[in-house]
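Asks: File name input.tsv; file contents TSV, C-alpha atoms and all ligand atoms; full text below.
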chain	number	residue	atom	x	y	z
A	1	MET	CA	-47.90	-6.75	50.93
A	2	GLY	CA	-45.44	-9.47	51.43
A	3	GLU	CA	-45.91	-13.15	51.15
A	4	LYS	CA	-49.52	-13.99	50.91
A	5	ALA	CA	-50.40	-17.12	52.67
A	6	GLY	CA	-52.93	-18.05	50.04
A	7	ARG	CA	-50.67	-17.63	47.04
A	8	ARG	CA	-48.24	-20.25	48.14
A	9	ARG	CA	-50.77	-22.79	46.94
A	10	PRO	CA	-51.22	-22.57	43.23
A	11	GLY	CA	-54.62	-23.38	41.83
A	12	PRO	CA	-57.94	-21.88	40.98
A	13	LEU	CA	-58.70	-20.91	44.54
A	14	ALA	CA	-55.52	-19.00	45.05
A	15	GLY	CA	-57.02	-15.66	44.18
A	16	LEU	CA	-59.94	-16.17	46.48
A	17	LEU	CA	-57.74	-17.18	49.35
A	18	VAL	CA	-55.65	-14.10	48.87
A	19	ALA	CA	-58.67	-11.93	49.26
A	20	VAL	CA	-59.38	-13.44	52.64
A	21	VAL	CA	-56.02	-14.25	54.10
A	22	VAL	CA	-53.08	-11.97	53.78
A	23	ALA	CA	-49.93	-12.23	55.79
A	24	ALA	CA	-47.64	-9.48	54.80
A	25	GLY	CA	-44.26	-10.95	55.56
A	26	CYS	CA	-42.22	-7.91	55.32
A	27	MET	CA	-38.87	-7.83	56.86
A	28	GLY	CA	-37.57	-11.34	56.74
A	29	GLY	CA	-33.91	-12.03	56.51
A	30	GLY	CA	-31.16	-9.62	55.74
A	31	LEU	CA	-30.27	-8.71	59.26
A	32	ASP	CA	-27.82	-10.49	61.44
A	33	GLN	CA	-27.34	-10.24	65.11
A	34	GLY	CA	-24.74	-7.66	65.62
A	35	GLU	CA	-23.24	-4.54	66.86
A	36	PRO	CA	-24.27	-1.19	68.26
A	37	GLU	CA	-25.95	1.46	68.67
A	38	GLN	CA	-26.76	5.09	68.85
A	39	PRO	CA	-29.48	6.84	70.73
A	40	GLY	CA	-32.71	6.65	68.81
A	41	PRO	CA	-35.89	8.62	68.44
A	42	ARG	CA	-37.57	9.01	71.76
A	43	PRO	CA	-41.23	9.57	72.25
A	44	ASN	CA	-41.90	12.84	73.97
A	45	GLY	CA	-44.84	14.00	75.99
A	46	PRO	CA	-47.64	11.65	76.87
A	47	ALA	CA	-46.31	8.91	74.68
A	48	ALA	CA	-43.17	8.53	76.71
A	49	SER	CA	-43.07	5.59	79.00
A	50	PRO	CA	-41.19	5.83	82.25
A	51	GLY	CA	-38.36	3.81	80.82
A	52	ALA	CA	-38.25	5.60	77.53
A	53	ASP	CA	-35.25	7.76	78.30
A	54	SER	CA	-33.11	4.96	79.49
A	55	THR	CA	-31.42	4.42	76.17
A	56	ARG	CA	-28.99	2.27	75.70
A	57	ALA	CA	-25.58	3.63	75.08
A	58	ASP	CA	-24.30	0.26	76.19
A	59	GLY	CA	-26.15	-1.73	73.57
A	60	THR	CA	-27.71	-4.04	76.12
A	61	THR	CA	-31.30	-3.40	75.25
A	62	SER	CA	-33.43	-6.07	76.81
A	63	VAL	CA	-36.40	-7.83	75.33
A	64	ALA	CA	-38.58	-6.17	77.96
A	65	GLU	CA	-37.34	-2.71	76.98
A	66	PHE	CA	-37.88	-3.51	73.36
A	67	LYS	CA	-41.46	-4.58	73.95
A	68	GLN	CA	-42.09	-1.39	75.89
A	69	ASP	CA	-40.61	0.77	73.15
A	70	PHE	CA	-42.56	-1.16	70.57
A	71	SER	CA	-45.82	-0.51	72.34
A	72	ASP	CA	-44.91	3.19	72.56
A	73	ALA	CA	-44.46	3.15	68.80
A	74	VAL	CA	-47.84	1.44	68.43
A	75	GLY	CA	-49.51	4.12	70.55
A	76	ILE	CA	-47.98	6.85	68.40
A	77	ALA	CA	-49.13	5.07	65.25
A	78	GLU	CA	-52.69	4.75	66.57
A	79	ARG	CA	-52.88	8.44	67.32
A	80	TYR	CA	-51.26	9.36	64.05
A	81	TRP	CA	-53.67	7.39	61.89
A	82	THR	CA	-56.67	8.29	64.01
A	83	ASP	CA	-55.88	11.97	63.40
A	84	ARG	CA	-55.29	11.46	59.69
A	85	PHE	CA	-58.53	9.58	59.23
A	86	ARG	CA	-60.43	12.15	61.25
A	87	ALA	CA	-59.01	14.92	59.09
A	88	SER	CA	-60.65	13.29	56.08
A	89	GLY	CA	-63.89	12.65	57.91
A	90	LYS	CA	-63.34	8.98	58.61
A	91	GLN	CA	-63.13	6.96	61.74
A	92	PHE	CA	-60.04	4.88	62.32
A	93	GLN	CA	-60.19	1.47	63.91
A	94	PRO	CA	-56.77	0.72	65.44
A	95	ILE	CA	-55.12	-2.55	64.55
A	96	ARG	CA	-56.53	-5.07	66.93
A	97	ARG	CA	-53.44	-6.61	68.49
A	98	VAL	CA	-49.67	-6.61	68.42
A	99	VAL	CA	-48.21	-10.00	69.22
A	100	PRO	CA	-44.57	-10.77	69.98
A	101	TYR	CA	-43.50	-14.34	69.35
A	102	THR	CA	-40.35	-16.39	69.70
A	103	ARG	CA	-41.01	-19.72	68.03
A	104	SER	CA	-41.79	-20.76	64.51
A	105	GLY	CA	-45.49	-21.57	64.21
A	106	GLU	CA	-46.31	-20.11	67.60
A	107	VAL	CA	-48.56	-17.57	65.92
A	108	SER	CA	-50.70	-18.39	62.92
A	109	CYS	CA	-52.11	-16.16	60.25
A	110	GLY	CA	-55.07	-17.59	58.41
A	111	GLY	CA	-54.12	-21.11	59.44
A	112	GLU	CA	-50.44	-20.85	58.49
A	113	GLY	CA	-47.78	-20.70	61.16
A	114	LEU	CA	-45.54	-17.66	60.98
A	115	PRO	CA	-41.83	-18.32	60.53
A	116	ARG	CA	-39.11	-16.93	62.71
A	117	ASN	CA	-37.09	-13.87	61.75
A	118	ASN	CA	-39.91	-11.78	60.48
A	119	ALA	CA	-42.52	-9.21	61.25
A	120	VAL	CA	-45.90	-9.29	59.58
A	121	TYR	CA	-49.25	-7.69	59.41
A	122	CYS	CA	-51.91	-10.40	59.22
A	123	SER	CA	-55.11	-9.15	57.68
A	124	ALA	CA	-56.95	-12.36	58.54
A	125	GLY	CA	-56.81	-11.51	62.24
A	126	ASP	CA	-56.01	-7.79	61.90
A	127	PHE	CA	-52.87	-8.06	63.98
A	128	ILE	CA	-49.17	-7.37	63.77
A	129	ALA	CA	-46.84	-10.14	64.90
A	130	TYR	CA	-43.10	-9.96	65.24
A	131	ASP	CA	-40.34	-12.35	66.19
A	132	VAL	CA	-39.16	-10.53	69.26
A	133	ASN	CA	-35.66	-12.02	69.34
A	134	TRP	CA	-35.07	-11.24	65.71
A	135	SER	CA	-36.41	-7.72	66.19
A	136	VAL	CA	-34.23	-7.08	69.21
A	137	GLY	CA	-31.26	-8.36	67.22
A	138	ALA	CA	-32.05	-5.94	64.40
A	139	PHE	CA	-32.57	-3.19	66.89
A	140	ARG	CA	-29.15	-3.80	68.38
A	141	GLN	CA	-27.53	-4.03	65.01
A	142	VAL	CA	-29.15	-1.15	63.20
A	143	GLY	CA	-30.15	0.98	66.15
A	144	ASP	CA	-33.36	1.68	67.92
A	145	ALA	CA	-34.77	3.95	65.23
A	146	PHE	CA	-35.34	0.75	63.29
A	147	LEU	CA	-38.15	-0.16	65.64
A	148	PHE	CA	-40.21	2.81	64.47
A	149	TYR	CA	-39.63	1.89	60.88
A	150	LEU	CA	-40.55	-1.74	61.48
A	151	LEU	CA	-43.75	-0.88	63.28
A	152	GLY	CA	-44.56	1.99	60.93
A	153	HIS	CA	-44.30	-0.29	57.91
A	154	GLU	CA	-46.43	-3.08	59.33
A	155	TYR	CA	-48.98	-0.65	60.66
A	156	ALA	CA	-49.19	0.88	57.20
A	157	HIS	CA	-50.32	-2.48	55.81
A	158	GLY	CA	-53.23	-2.41	58.22
A	159	VAL	CA	-54.06	1.10	57.06
A	160	GLN	CA	-53.93	-0.02	53.43
A	161	VAL	CA	-56.50	-2.70	54.23
A	162	ARG	CA	-58.72	-0.13	55.92
A	163	LEU	CA	-58.48	2.10	52.88
A	164	GLY	CA	-59.10	-0.79	50.47
A	165	ILE	CA	-55.76	-0.25	48.75
A	166	ARG	CA	-54.74	-3.27	46.77
A	167	TYR	CA	-52.13	-2.89	44.08
A	168	ASN	CA	-51.43	-5.43	41.40
A	169	PHE	CA	-47.86	-6.04	42.47
A	170	THR	CA	-46.55	-6.59	45.94
A	171	ILE	CA	-43.73	-4.17	45.30
A	172	GLN	CA	-46.23	-1.32	44.94
A	173	GLN	CA	-47.93	-2.27	48.18
A	174	GLU	CA	-44.58	-2.54	49.96
A	175	LEU	CA	-43.08	0.69	48.67
A	176	GLN	CA	-46.23	2.54	49.65
A	177	ALA	CA	-45.95	1.04	53.13
A	178	ASP	CA	-42.34	2.24	53.31
A	179	CYS	CA	-43.50	5.70	52.28
A	180	MET	CA	-46.27	5.65	54.90
A	181	ALA	CA	-43.77	4.56	57.55
A	182	GLY	CA	-41.64	7.53	56.55
A	183	ALA	CA	-44.62	9.86	56.80
A	184	TYR	CA	-45.55	8.46	60.22
A	185	ILE	CA	-42.06	9.11	61.51
A	186	GLY	CA	-41.49	12.44	59.72
A	187	ASP	CA	-44.85	13.92	60.71
A	188	ASN	CA	-44.33	12.89	64.33
A	189	VAL	CA	-40.89	14.48	64.30
A	190	ARG	CA	-42.37	17.67	62.83
A	191	SER	CA	-45.10	17.75	65.48
A	192	GLY	CA	-42.58	17.15	68.26
A	193	THR	CA	-44.00	13.79	69.30
A	194	LEU	CA	-40.78	12.08	68.32
A	195	THR	CA	-37.30	13.44	68.62
A	196	LEU	CA	-34.61	12.08	66.39
A	197	ALA	CA	-31.15	11.80	67.81
A	198	GLU	CA	-27.99	12.42	65.89
A	199	GLY	CA	-27.46	9.44	63.63
A	200	ASP	CA	-31.05	8.24	63.50
A	201	LEU	CA	-31.47	9.06	59.83
A	202	ASP	CA	-28.39	7.02	59.12
A	203	GLU	CA	-29.95	4.20	61.07
A	204	PHE	CA	-33.01	4.32	58.83
A	205	ARG	CA	-30.76	4.18	55.77
A	206	GLU	CA	-28.86	1.23	57.17
A	207	GLY	CA	-32.03	-0.57	58.12
A	208	LEU	CA	-33.46	-0.08	54.63
A	209	LEU	CA	-30.28	-1.35	53.04
A	210	ALA	CA	-30.62	-4.49	55.08
A	211	VAL	CA	-34.20	-5.20	54.02
A	212	GLY	CA	-33.79	-4.48	50.29
A	213	ASP	CA	-34.46	-7.25	47.79
A	214	ASP	CA	-31.66	-9.07	46.08
A	215	PRO	CA	-30.90	-6.97	42.97
A	216	ASN	CA	-31.49	-10.05	40.80
A	217	GLN	CA	-35.04	-10.50	41.98
A	218	PRO	CA	-37.51	-9.34	39.33
A	219	TRP	CA	-39.53	-6.38	40.53
A	220	PHE	CA	-42.79	-8.04	39.52
A	221	ALA	CA	-42.14	-11.25	41.48
A	222	GLU	CA	-44.65	-12.15	44.12
A	223	GLY	CA	-43.21	-11.01	47.40
A	224	SER	CA	-40.92	-8.34	45.94
A	225	HIS	CA	-40.49	-5.39	48.24
A	226	GLY	CA	-38.10	-3.25	46.25
A	227	THR	CA	-34.37	-2.83	46.10
A	228	ALA	CA	-32.60	-1.07	48.92
A	229	GLU	CA	-32.51	2.06	46.80
A	230	GLN	CA	-36.23	1.97	45.99
A	231	ARG	CA	-37.14	1.35	49.63
A	232	THR	CA	-34.88	4.15	50.79
A	233	ASP	CA	-36.36	6.54	48.21
A	234	SER	CA	-39.91	5.70	49.22
A	235	PHE	CA	-39.23	5.99	52.91
A	236	PHE	CA	-37.57	9.38	52.61
A	237	ARG	CA	-40.21	10.73	50.24
A	238	GLY	CA	-42.75	10.05	52.97
A	239	TYR	CA	-40.44	11.24	55.68
A	240	GLU	CA	-39.86	14.59	53.99
A	241	ASN	CA	-43.19	15.23	52.28
A	242	SER	CA	-45.73	13.33	54.35
A	243	LEU	CA	-48.60	11.29	52.95
A	244	ASP	CA	-48.97	13.34	49.77
A	245	ALA	CA	-45.82	11.64	48.61
A	246	CYS	CA	-47.42	8.23	49.16
A	247	GLY	CA	-50.51	8.89	47.07
A	248	LEU	CA	-52.58	9.46	50.20
A	249	GLY	CA	-52.66	13.24	50.45
B	1	ZN	ZN	-44.57	-5.04	54.04
If you took the structure in this file and wrote it as structure tokens, what would it be?
Replies:
Amino acid sequence: MGEKAGRRRPGPLAGLLVAVVVAAGCMGGGLDQGEPEQPGPRPNGPAASPGADSTRADGTTSVAEFKQDFSDAVGIAERYWTDRFRASGKQFQPIRRVVPYTRSGEVSCGGEGLPRNNAVYCSAGDFIAYDVNWSVGAFRQVGDAFLFYLLGHEYAHGVQVRLGIRYNFTIQQELQADCMAGAYIGDNVRSGTLTLAEGDLDEFREGLLAVGDDPNQPWFAEGSHGTAEQRTDSFFRGYENSLDACGLG
């Protein structure tokens, strides 16, 4: 996972706090407000909202549209993981809430205010929170496929918690979440729930480039997510080969 609220305070209790309070700050930085824009993956069938086809050749996606698309992506993730859990004889409890925010500190995870320009899964409250303005900016810059990656990655952190997966290094946790996001998207494309438009795979590549760590950051550093290349590799391994490729077959 990303930054852990508890580990920012050094000291003997740090480990304990981490066990209780985890904010996976995943996507921060790296993306600027910017340019366009290609048609993205659209939910098909029951997942499609009435507005879901109204994409966006003009690059004027509104916050309201983004929130709608985001909740479509959440619905697809819930069904996806419910089915996967059922297939292995387990019951899946969907992530409790998805909370858009606009101001620093408006939403707290385990007593710490969340900063702007990020999206996180907070294990303390079992919710996903995202800075909606930052997300819409990324969405406009990278393209709307990015939304599915963003949600898929954060949702994967909630799944990791449910499965009790806790690696020693954040980079392992993060790269697995990238792989699981890839599997979520790839499997839904294969089943026909999502349709990728021309250019969407390039959007994923661009989005992953933008969220890669600085190449000088040591891989073992707390909060490391992986270089752009590592994140791209993990995502596409999941995308092409499903959860087997993420160690979750
Ligand atoms: Zn993450």
Asks: Quick one: residues within 10 Å of region 176-192 of chain A, only C-alpha atoms, excluding same-chain residues fewer than 4 positions away - as JSON, numbers by chain?
Replies: {"A": [1, 26, 41, 42, 43, 44, 45, 73, 76, 77, 80, 81, 145, 148, 149, 150, 151, 152, 153, 154, 155, 156, 157, 158, 159, 160, 165, 167, 170, 171, 172, 196, 204, 208, 225, 226, 230, 231, 232, 233, 234, 235, 236, 237, 238, 239, 240, 241, 242, 243, 244, 245, 246, 247, 248]}
Asks: Which is closer to ligand ZN 1 (chain B) than all the others in A:Ser104, A:Ser88, A:Ser224, A:Thr193, using all atoms listed in the file?
Replies: A:Ser224
Asks: Under the rule that all atoms listed in the file are counted, which of A:Glu198, A:Glu174, A:Glu229, A:Glu222 is the nearest residue to ligand ZN 1 (chain B)?
Replies: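 Among the listed residues, A:Glu174 lies closest to ligand ZN 1 (chain B).
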Asks: Around the point (-52.2, -4.4, 66.8) (coordinates from the file), which residues reach within 10 Å if we count all atoms listed in the file? Answer as a PyMOL selection string.
Replies: chain A and resi 71+74-75+78+94-99+121-122+125-129+151+154-155+158
Asks: Counting all atoms listed in the file, which residue out of A:Arg205, A:Asp131, A:Gly223, A:Asp72 sits closest to ligand ZN 1 (chain B)?
Replies: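 Looking at the shortest contact to ligand ZN 1 (chain B), the residue is A:Gly223.
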Asks: If you measure from CA of Glu106 (chain A) to CA of Leu175 (chain A), what distance in Å do you get, rounded to one decimal?
Replies: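 According to the coordinates, CA of Glu106 (chain A) and CA of Leu175 (chain A) are separated by 28.3 Å.
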Asks: For a quick check of understanding, using all atoms listed in the file, which of A:Gly113, A:Gly212, A:Gly143, A:Gly199 has the smallest distance to ligand ZN 1 (chain B)?
Replies: A:Gly212
Asks: If I take CA of Arg86 (chain A) and CA of Ala124 (chain A), how far is one from the other in Å, to one decimal?
Replies: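 Distance between the two atoms: 24.9 Å.
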Asks: Go ahead and compute the interatomic distance for CA of Val142 (chain A) and CA of Glu203 (chain A), in Å to one decimal.
Replies: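 Computing the Euclidean distance for CA of Val142 (chain A) and CA of Glu203 (chain A) yields 5.8 Å.
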Asks: Could you tell me which of A:Ser108, A:Thr195, A:Gln68, A:Gln173 comes closest to ligand ZN 1 (chain B) if we count all atoms listed in the file?
Replies: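 Under the stated criterion, the closest residue is A:Gln173.
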